[in-house]
4 protein chains.
Amino acid sequence: MISKTEIIVRYAETDQMGIAHHSNYAVWFEAARTDLIKKMGMSYSKMEENGVLVPLLELECKYIAAAHYEDVLTVEAKVSKITPVKVEFVYQIFRNKDHMLLSTGRTLHGLVDSNLKPIHMRRDKPEIFQMLQDAMEE
Amino acid sequence: MISKTEIIVRYAETDQMGIAHHSNYAVWFEAARTDLIKKMGMSYSKMEENGVLVPLLELECKYIAAAHYEDVLTVEAKVSKITPVKVEFVYQIFRNKDHMLLSTGRTLHGLVDSNLKPIHMRRDKPEIFQMLQDAMEE
Amino acid sequence: MISKTEIIVRYAETDQMGIAHHSNYAVWFEAARTDLIKKMGMSYSKMEENGVLVPLLELECKYIAAAHYEDVLTVEAKVSKITPVKVEFVYQIFRNKDHMLLSTGRTLHGLVDSNLKPIHMRRDKPEIFQMLQDAMEE
Amino acid sequence: MISKTEIIVRYAETDQMGIAHHSNYAVWFEAARTDLIKKMGMSYSKMEENGVLVPLLELECKYIAAAHYEDVLTVEAKVSKITPVKVEFVYQIFRNKDHMLLSTGRTLHGLVDSNLKPIHMRRDKPEIFQMLQDAMEE
């Protein structure tokens with residue numbers, strides 16, 4: 001299962017180099033992750049209301065070509081790996097007008113409760129573990 | 001009582017016009033407000049832990065001259081008005097190297113509890129009301 | 001002429017109060033302004049390539065009700081005033097699910113060239129002046 | 001040569017998890033990089049005025065423990081690798097009050113001219129190449 005999220009580069013996201021600042025890619029990956037989780041049949045808002053937070057442990061991003069103001073981009077996201085306590089997502093960002101690949105990325109997440117204590121997903125939240133596994137295999 | 005907060009303009013804060021993006025001024029005002037509250041003898045973190053949040057009701061900002069990457073700025077903040085339920089702060093941003101005034105601003109805030117319900121400050125949080133009043137008159 | 005821009009509140013845009021941070025509204029107004037200018041038959045990117053920049057002189061925002069993560073919002077923008085050297089836009093932000101008005105705003109802009117020197121719009125860029133005037137009266 | 005940059009976590013940098021949002025770490029790394037380059041005896045502003053831009057090719061960040069609003073952090077930065085066309089920096093973020101390591105990071109950069117065309121640093125900008133090499137070996 002792959003989700004596709006459309007992003008239009010905002011003026012505020014540019015920097016004085018005239019391109020989208022690299023810190024925004026993490027924000028775009030996150031917007032894509034929100035959509036992917038929704039596509040799996042859940043909502044990340046609901047997960048948090050139920051006391052499950054999914055903070056980042058690791059972030060990786062490669063910048064292949066620059067994005068510019070008003071560019072329309074598509075961010076693809078999917079689940080790439082899952083363990084009883086961690087989940088990994090991978091991302092690709094394409095520029096719509098020429099389908100050029102601008103960026104690839106990876107985020108690794110743990111699951112924690114509202115006190116930021118780790119949750120053993122497979123044991124304590126098997127329905128979330130299952131949902132992520134199904135999404136990966138689909 | 002006036003607080004002074006030093007800010008160095010970050011690269012990420014610039015835009016493709018080559019100047020600091022206007023949305024950052026609200027963030028710099030807020031950093032100055034944090035310092036002012038600390039100078040009053042409180043901490044905004046502590047206020048929130050005690051269930052008092054101070055969201056914005058209104059924001060005004062005038063942009064007089066642009067700020068650039070690596071510019072060292074001083075943000076001055078003070079309490080300008082207080083009612084039993086609202087508090088207003090005003091700000092001035094100066095560029096250190098030539099003392100030029102770059103911006104003036106104003107924020108109006110209500111006090112709410114952790115469910116975002118309004119708090120009658122003078123009645124229910126008289127110590128905060130007093131602290132703000134003292135800071136204004138000093 | 002009024003443009004309508006859809007925004008989905010991003011996780012990165014929330015703060016520890018659990019609501020969208022107030023500094024993002026200026027960014028959303030700007031995204032709406034981009035769309036409005038496109039609807040007028042121009043592109044702000046093209047204007048900048050032709051050496052016309054439109055920085056902010058003033059920003060005003062009222063926060064009526066909070067926006068939350070994953071909320072779908074509509075930002076309405078229109079030209080509200082125009083002089084030979086300045087242009088003013090006004091904004092309204094609605095939450096889609098209940099049409100509640102969350103925020104109103106106003107931005108005032110000058111026109112400058114790529115050295116940030118003011119441009120007399122009616123005299124030196126009459127086509128832009130006309131376009132803005134048409135958009136206001138429509 | 002290692003630079004140390006002090007950061008105070010801003011309210012705007014928090015998210016609804018109650019911690020500093022992960023996208024800010026890239027911004028803090030960049031602030032540290034600015035300081036490191038200044039410590040080497042250059043200014044990144046000057047480099048850009050001379051037509052040398054240093055965009056990111058890769059970003060990596062590990063999140064070990066969360067940072068909170070008002071936390072005072074120290075970001076350490078140094079040059080870790082250099083080739084004729086690329087330069088790599090590494091970072092560590094510590095929380096001042098208990099010296100806890102919160103994050104480690106790495107950024108890889110190319111050098112480009114103002115049209116975003118790659119520059120062969122050792123051949124065309126030997127003084128920058130030398131400065132980075134000296135900083136690494138010091």
# chains A, B, ... in the order shown; residues from 1 in each chain; ligands from 1

call {"tool": "closest_atom_pairs", "arguments": {"of": "chain B", "to": "chain C", "cutoff": "7 Å", "atoms": "only C-alpha atoms", "output": "Markdown table"}}
result
| residue | atom | partner | partner_atom | distance |
| --- | --- | --- | --- | --- |
| B:Ser23 | CA | C:Ala26 | CA | 5.7 |
| B:Ala26 | CA | C:Ser23 | CA | 5.7 |
| B:Val27 | CA | C:Ser23 | CA | 6.6 |
| B:Leu56 | CA | C:Tyr63 | CA | 6.6 |
| B:Leu57 | CA | C:Tyr63 | CA | 4.8 |
| B:Glu58 | CA | C:Lys62 | CA | 4.5 |
| B:Leu59 | CA | C:Cys61 | CA | 5.2 |
| B:Glu60 | CA | C:Glu60 | CA | 4.5 |
| B:Cys61 | CA | C:Leu59 | CA | 5.2 |
| B:Lys62 | CA | C:Glu58 | CA | 4.5 |
| B:Tyr63 | CA | C:Leu57 | CA | 4.8 |
| B:Ile64 | CA | C:Leu57 | CA | 6.8 |

call {"tool": "write_last_selection", "arguments": {"atoms": "all heavy atoms", "output": "CSV table (one decimal), in the first residue's frame"}}
result
chain,number,residue,atom,x,y,z
B,23,SER,N,6.6,35.6,8.7
B,23,SER,CA,5.9,34.7,9.7
B,23,SER,C,6.8,34.5,10.9
B,23,SER,O,6.4,34.1,12.0
B,23,SER,CB,5.5,33.4,9.1
B,23,SER,OG,6.6,32.7,8.7
B,26,ALA,N,6.4,36.7,14.5
B,26,ALA,CA,5.5,36.2,15.6
B,26,ALA,C,6.3,35.2,16.5
B,26,ALA,O,6.1,35.2,17.7
B,26,ALA,CB,4.3,35.5,15.0
B,27,VAL,N,7.2,34.4,15.9
B,27,VAL,CA,8.0,33.5,16.7
B,27,VAL,C,9.0,34.2,17.5
B,27,VAL,O,9.2,33.8,18.7
B,27,VAL,CB,8.7,32.4,15.7
B,27,VAL,CG1,9.6,31.5,16.5
B,27,VAL,CG2,7.6,31.7,14.9
B,56,LEU,N,-3.0,33.3,21.8
B,56,LEU,CA,-3.3,34.5,21.2
B,56,LEU,C,-4.7,34.8,20.8
B,56,LEU,O,-5.4,33.8,20.2
B,56,LEU,CB,-2.4,34.7,19.9
B,56,LEU,CG,-1.1,35.4,20.1
B,56,LEU,CD1,-0.1,34.5,20.7
B,56,LEU,CD2,-0.6,36.0,18.8
B,57,LEU,N,-5.2,36.0,20.9
B,57,LEU,CA,-6.5,36.4,20.4
B,57,LEU,C,-6.2,37.3,19.2
B,57,LEU,O,-7.0,37.3,18.2
B,57,LEU,CB,-7.2,37.2,21.4
B,57,LEU,CG,-7.5,36.4,22.7
B,57,LEU,CD1,-8.2,37.3,23.8
B,57,LEU,CD2,-8.4,35.2,22.4
B,58,GLU,N,-5.2,38.1,19.2
B,58,GLU,CA,-4.9,39.0,18.1
B,58,GLU,C,-3.4,39.2,18.0
B,58,GLU,O,-2.6,39.1,19.0
B,58,GLU,CB,-5.5,40.4,18.4
B,58,GLU,CG,-7.0,40.4,18.5
B,58,GLU,CD,-7.5,41.8,18.8
B,58,GLU,OE1,-6.8,42.8,18.7
B,58,GLU,OE2,-8.7,41.9,19.2
B,59,LEU,N,-2.9,39.4,16.7
B,59,LEU,CA,-1.5,39.6,16.4
B,59,LEU,C,-1.5,40.8,15.4
B,59,LEU,O,-2.3,40.9,14.5
B,59,LEU,CB,-0.9,38.4,15.8
B,59,LEU,CG,0.4,38.6,15.0
B,59,LEU,CD1,1.5,38.9,16.0
B,59,LEU,CD2,0.8,37.4,14.2
B,60,GLU,N,-0.6,41.8,15.7
B,60,GLU,CA,-0.3,42.8,14.7
B,60,GLU,C,1.1,43.0,14.6
B,60,GLU,O,1.9,43.0,15.6
B,60,GLU,CB,-0.9,44.2,15.3
B,60,GLU,CG,-2.3,44.5,14.9
B,60,GLU,CD,-2.7,45.8,15.4
B,60,GLU,OE1,-2.0,46.8,15.3
B,60,GLU,OE2,-3.8,45.8,16.1
B,61,CYS,N,1.6,43.2,13.4
B,61,CYS,CA,3.0,43.4,13.1
B,61,CYS,C,3.2,44.4,12.0
B,61,CYS,O,2.5,44.4,11.0
B,61,CYS,CB,3.6,42.1,12.8
B,61,CYS,SG,5.4,42.2,12.6
B,62,LYS,N,4.1,45.4,12.2
B,62,LYS,CA,4.5,46.3,11.2
B,62,LYS,C,6.0,46.0,10.8
B,62,LYS,O,6.8,45.8,11.7
B,62,LYS,CB,4.4,47.7,11.6
B,62,LYS,CG,3.0,48.2,11.8
B,62,LYS,CD,2.9,49.7,11.9
B,62,LYS,CE,1.6,50.1,12.6
B,62,LYS,NZ,0.4,49.6,11.9
B,63,TYR,N,6.2,45.9,9.5
B,63,TYR,CA,7.5,45.6,8.9
B,63,TYR,C,8.1,46.9,8.4
B,63,TYR,O,7.7,47.4,7.3
B,63,TYR,CB,7.4,44.5,7.9
B,63,TYR,CG,6.7,43.3,8.4
B,63,TYR,CD1,5.3,43.1,8.3
B,63,TYR,CD2,7.4,42.3,9.0
B,63,TYR,CE1,4.7,42.0,8.7
B,63,TYR,CE2,6.8,41.1,9.5
B,63,TYR,CZ,5.4,41.0,9.4
B,63,TYR,OH,4.8,39.9,9.9
B,64,ILE,N,9.1,47.4,9.0
B,64,ILE,CA,9.6,48.7,8.7
B,64,ILE,C,10.9,48.6,7.8
B,64,ILE,O,11.0,49.3,6.8
B,64,ILE,CB,10.0,49.5,10.0
B,64,ILE,CG1,8.7,49.7,10.8
B,64,ILE,CG2,10.6,50.8,9.7
B,64,ILE,CD1,8.9,50.0,12.2

call {"tool": "select_by_dssp", "arguments": {"residues": "chain D", "states": "helix (DSSP H, G or I)", "output": "VMD selection string"}}
result
chain D and resid 11 to 13 24 to 39 44 to 49 121 to 124 126 to 137

call {"tool": "closest_residue", "arguments": {"among": "C:Lys117, C:Lys46, C:Arg123, C:Arg33", "to": "Val75 (chain C)", "atoms": "only C-alpha atoms"}}
result
C:Arg33

call {"tool": "atom_distance", "arguments": {"atom1": "CA of Ala67 (chain B)", "atom2": "CA of Lys38 (chain B)"}}
result
26.2 Å

call {"tool": "atom_distance", "arguments": {"atom1": "CA of Leu36 (chain A)", "atom2": "CA of Met100 (chain C)"}}
result
27.4 Å

call {"tool": "residues_around", "arguments": {"residues": "Leu73 (chain C)", "least_positions_apart": "4", "cutoff": "7 Å", "atoms": "only C-alpha atoms", "output": "JSON, numbers by chain"}}
result
{"C": [6, 7, 8, 93, 94, 95, 96]}

call {"tool": "select_by_dssp", "arguments": {"residues": "region 71-131 of chain D", "states": "strand (DSSP E or B)", "output": "PyMOL selection string"}}
result
chain D and resi 72-82+86-95+100-110+112+118

call {"tool": "closest_residue", "arguments": {"among": "B:Val90, B:Met131, B:Ala20, B:Ile119", "to": "Met42 (chain B)", "atoms": "only C-alpha atoms"}}
result
B:Met131

call {"tool": "atom_distance", "arguments": {"atom1": "CA of Arg10 (chain A)", "atom2": "CA of Val112 (chain C)"}}
result
20.2 Å

call {"tool": "closest_residue", "arguments": {"among": "A:His68, A:Gln130, A:Val87, A:Asp98", "to": "Asp15 (chain B)", "atoms": "only C-alpha atoms"}}
result
A:His68

call {"tool": "residues_around", "arguments": {"residues": "Glu76 (chain C)", "least_positions_apart": "5", "cutoff": "6 Å", "atoms": "only C-alpha atoms", "output": "VMD selection string"}}
result
chain C and resid 3 to 4 91 to 92

call {"tool": "write_last_selection", "arguments": {"atoms": "N, CA, C and O atoms", "output": "short mmCIF file (atom, residue, chain, number, x, y, z; two decimals), in the first residue's frame"}}
result
data_model
loop_
_atom_site.label_atom_id
_atom_site.label_comp_id
_atom_site.auth_asym_id
_atom_site.auth_seq_id
_atom_site.Cartn_x
_atom_site.Cartn_y
_atom_site.Cartn_z
N SER C 3 -10.69 34.00 -3.74
CA SER C 3 -10.13 32.67 -3.95
C SER C 3 -10.35 31.83 -2.71
O SER C 3 -10.44 32.36 -1.59
N LYS C 4 -10.45 30.52 -2.90
CA LYS C 4 -10.59 29.59 -1.77
C LYS C 4 -9.48 28.55 -1.84
O LYS C 4 -9.31 27.91 -2.87
N TYR C 91 -8.51 38.22 4.59
CA TYR C 91 -8.61 36.76 4.65
C TYR C 91 -9.65 36.32 5.68
O TYR C 91 -9.83 37.00 6.69
N GLN C 92 -10.26 35.18 5.41
CA GLN C 92 -11.08 34.51 6.41
C GLN C 92 -10.74 33.03 6.37
O GLN C 92 -10.63 32.45 5.28
#

call {"tool": "closest_residue", "arguments": {"among": "B:Met121, B:Ile37, B:Val72, B:Ala12", "to": "Lys86 (chain B)", "atoms": "only C-alpha atoms"}}
result
B:Met121

call {"tool": "decode", "arguments": {"residues": "region 101-137 of chain A", "atoms": "N, CA and C atoms", "output": "PDB file, in the first residue's frame"}}
result
ATOM      1  N   LEU A 101      12.283  12.670  -9.853  1.00  0.00           N
ATOM      2  CA  LEU A 101      12.455  12.300  -8.443  1.00  0.00           C
ATOM      3  C   LEU A 101      13.333  13.351  -7.770  1.00  0.00           C
ATOM      4  N   LEU A 102      12.791  14.053  -6.779  1.00  0.00           N
ATOM      5  CA  LEU A 102      13.540  15.126  -6.107  1.00  0.00           C
ATOM      6  C   LEU A 102      14.211  14.653  -4.823  1.00  0.00           C
ATOM      7  N   SER A 103      13.605  13.645  -4.190  1.00  0.00           N
ATOM      8  CA  SER A 103      14.086  13.280  -2.858  1.00  0.00           C
ATOM      9  C   SER A 103      13.614  11.883  -2.475  1.00  0.00           C
ATOM     10  N   THR A 104      14.433  11.193  -1.679  1.00  0.00           N
ATOM     11  CA  THR A 104      13.995   9.957  -1.039  1.00  0.00           C
ATOM     12  C   THR A 104      14.240  10.112   0.452  1.00  0.00           C
ATOM     13  N   GLY A 105      13.456   9.384   1.252  1.00  0.00           N
ATOM     14  CA  GLY A 105      13.618   9.517   2.695  1.00  0.00           C
ATOM     15  C   GLY A 105      13.192   8.281   3.443  1.00  0.00           C
ATOM     16  N   ARG A 106      13.513   8.279   4.720  1.00  0.00           N
ATOM     17  CA  ARG A 106      13.219   7.150   5.594  1.00  0.00           C
ATOM     18  C   ARG A 106      13.017   7.696   6.996  1.00  0.00           C
ATOM     19  N   THR A 107      11.992   7.223   7.683  1.00  0.00           N
ATOM     20  CA  THR A 107      11.839   7.583   9.103  1.00  0.00           C
ATOM     21  C   THR A 107      11.597   6.307   9.897  1.00  0.00           C
ATOM     22  N   LEU A 108      12.238   6.225  11.057  1.00  0.00           N
ATOM     23  CA  LEU A 108      12.045   5.094  11.958  1.00  0.00           C
ATOM     24  C   LEU A 108      11.368   5.629  13.216  1.00  0.00           C
ATOM     25  N   HIS A 109      10.355   4.914  13.682  1.00  0.00           N
ATOM     26  CA  HIS A 109       9.535   5.398  14.800  1.00  0.00           C
ATOM     27  C   HIS A 109       9.403   4.321  15.870  1.00  0.00           C
ATOM     28  N   GLY A 110       9.329   4.751  17.105  1.00  0.00           N
ATOM     29  CA  GLY A 110       8.901   3.896  18.199  1.00  0.00           C
ATOM     30  C   GLY A 110       7.463   4.234  18.536  1.00  0.00           C
ATOM     31  N   LEU A 111       6.825   3.420  19.327  1.00  0.00           N
ATOM     32  CA  LEU A 111       5.502   3.760  19.852  1.00  0.00           C
ATOM     33  C   LEU A 111       5.657   4.039  21.336  1.00  0.00           C
ATOM     34  N   VAL A 112       5.062   5.132  21.787  1.00  0.00           N
ATOM     35  CA  VAL A 112       5.136   5.473  23.212  1.00  0.00           C
ATOM     36  C   VAL A 112       3.751   5.873  23.703  1.00  0.00           C
ATOM     37  N   ASP A 113       3.570   5.812  25.033  1.00  0.00           N
ATOM     38  CA  ASP A 113       2.314   6.293  25.602  1.00  0.00           C
ATOM     39  C   ASP A 113       2.416   7.792  25.875  1.00  0.00           C
ATOM     40  N   SER A 114       1.385   8.367  26.473  1.00  0.00           N
ATOM     41  CA  SER A 114       1.350   9.825  26.593  1.00  0.00           C
ATOM     42  C   SER A 114       2.404  10.369  27.569  1.00  0.00           C
ATOM     43  N   ASN A 115       3.053   9.472  28.338  1.00  0.00           N
ATOM     44  CA  ASN A 115       4.190   9.893  29.161  1.00  0.00           C
ATOM     45  C   ASN A 115       5.524   9.631  28.453  1.00  0.00           C
ATOM     46  N   LEU A 116       5.452   9.347  27.154  1.00  0.00           N
ATOM     47  CA  LEU A 116       6.636   9.065  26.323  1.00  0.00           C
ATOM     48  C   LEU A 116       7.353   7.779  26.752  1.00  0.00           C
ATOM     49  N   LYS A 117       6.647   6.880  27.424  1.00  0.00           N
ATOM     50  CA  LYS A 117       7.180   5.548  27.775  1.00  0.00           C
ATOM     51  C   LYS A 117       6.941   4.600  26.600  1.00  0.00           C
ATOM     52  N   PRO A 118       7.965   3.787  26.218  1.00  0.00           N
ATOM     53  CA  PRO A 118       7.805   2.860  25.085  1.00  0.00           C
ATOM     54  C   PRO A 118       6.651   1.869  25.278  1.00  0.00           C
ATOM     55  N   ILE A 119       5.988   1.566  24.186  1.00  0.00           N
ATOM     56  CA  ILE A 119       4.908   0.571  24.154  1.00  0.00           C
ATOM     57  C   ILE A 119       5.420  -0.631  23.344  1.00  0.00           C
ATOM     58  N   HIS A 120       5.193  -1.830  23.827  1.00  0.00           N
ATOM     59  CA  HIS A 120       5.491  -3.038  23.048  1.00  0.00           C
ATOM     60  C   HIS A 120       4.281  -3.275  22.138  1.00  0.00           C
ATOM     61  N   MET A 121       4.425  -2.831  20.894  1.00  0.00           N
ATOM     62  CA  MET A 121       3.294  -2.770  19.969  1.00  0.00           C
ATOM     63  C   MET A 121       2.631  -4.129  19.764  1.00  0.00           C
ATOM     64  N   ARG A 122       3.417  -5.166  19.458  1.00  0.00           N
ATOM     65  CA  ARG A 122       2.805  -6.457  19.112  1.00  0.00           C
ATOM     66  C   ARG A 122       2.011  -7.016  20.288  1.00  0.00           C
ATOM     67  N   ARG A 123       2.507  -6.781  21.518  1.00  0.00           N
ATOM     68  CA  ARG A 123       1.822  -7.319  22.692  1.00  0.00           C
ATOM     69  C   ARG A 123       0.663  -6.418  23.139  1.00  0.00           C
ATOM     70  N   ASP A 124       0.929  -5.093  23.196  1.00  0.00           N
ATOM     71  CA  ASP A 124      -0.035  -4.200  23.843  1.00  0.00           C
ATOM     72  C   ASP A 124      -0.967  -3.490  22.866  1.00  0.00           C
ATOM     73  N   LYS A 125      -0.579  -3.406  21.618  1.00  0.00           N
ATOM     74  CA  LYS A 125      -1.438  -2.764  20.612  1.00  0.00           C
ATOM     75  C   LYS A 125      -1.471  -3.648  19.358  1.00  0.00           C
ATOM     76  N   PRO A 126      -1.900  -4.910  19.519  1.00  0.00           N
ATOM     77  CA  PRO A 126      -1.829  -5.845  18.378  1.00  0.00           C
ATOM     78  C   PRO A 126      -2.608  -5.379  17.159  1.00  0.00           C
ATOM     79  N   GLU A 127      -3.685  -4.607  17.383  1.00  0.00           N
ATOM     80  CA  GLU A 127      -4.484  -4.142  16.236  1.00  0.00           C
ATOM     81  C   GLU A 127      -3.694  -3.141  15.391  1.00  0.00           C
ATOM     82  N   ILE A 128      -2.855  -2.323  16.041  1.00  0.00           N
ATOM     83  CA  ILE A 128      -2.011  -1.383  15.285  1.00  0.00           C
ATOM     84  C   ILE A 128      -0.892  -2.151  14.581  1.00  0.00           C
ATOM     85  N   PHE A 129      -0.295  -3.110  15.294  1.00  0.00           N
ATOM     86  CA  PHE A 129       0.760  -3.946  14.704  1.00  0.00           C
ATOM     87  C   PHE A 129       0.231  -4.632  13.434  1.00  0.00           C
ATOM     88  N   GLN A 130      -0.976  -5.191  13.546  1.00  0.00           N
ATOM     89  CA  GLN A 130      -1.577  -5.909  12.423  1.00  0.00           C
ATOM     90  C   GLN A 130      -1.834  -4.961  11.246  1.00  0.00           C
ATOM     91  N   MET A 131      -2.378  -3.801  11.558  1.00  0.00           N
ATOM     92  CA  MET A 131      -2.705  -2.822  10.521  1.00  0.00           C
ATOM     93  C   MET A 131      -1.451  -2.408   9.741  1.00  0.00           C
ATOM     94  N   LEU A 132      -0.354  -2.179  10.469  1.00  0.00           N
ATOM     95  CA  LEU A 132       0.897  -1.778   9.821  1.00  0.00           C
ATOM     96  C   LEU A 132       1.451  -2.928   8.977  1.00  0.00           C
ATOM     97  N   GLN A 133       1.335  -4.147   9.513  1.00  0.00           N
ATOM     98  CA  GLN A 133       1.846  -5.310   8.784  1.00  0.00           C
ATOM     99  C   GLN A 133       1.044  -5.537   7.497  1.00  0.00           C
ATOM    100  N   ASP A 134      -0.272  -5.420   7.618  1.00  0.00           N
ATOM    101  CA  ASP A 134      -1.123  -5.564   6.429  1.00  0.00           C
ATOM    102  C   ASP A 134      -0.752  -4.515   5.382  1.00  0.00           C
ATOM    103  N   ALA A 135      -0.540  -3.280   5.840  1.00  0.00           N
ATOM    104  CA  ALA A 135      -0.219  -2.192   4.910  1.00  0.00           C
ATOM    105  C   ALA A 135       1.101  -2.453   4.202  1.00  0.00           C
ATOM    106  N   MET A 136       2.054  -3.059   4.930  1.00  0.00           N
ATOM    107  CA  MET A 136       3.367  -3.325   4.343  1.00  0.00           C
ATOM    108  C   MET A 136       3.276  -4.405   3.279  1.00  0.00           C
ATOM    109  N   GLU A 137       2.448  -5.418   3.562  1.00  0.00           N
ATOM    110  CA  GLU A 137       2.405  -6.582   2.667  1.00  0.00           C
ATOM    111  C   GLU A 137       1.496  -6.371   1.465  1.00  0.00           C
TER     112      GLU A 137
END
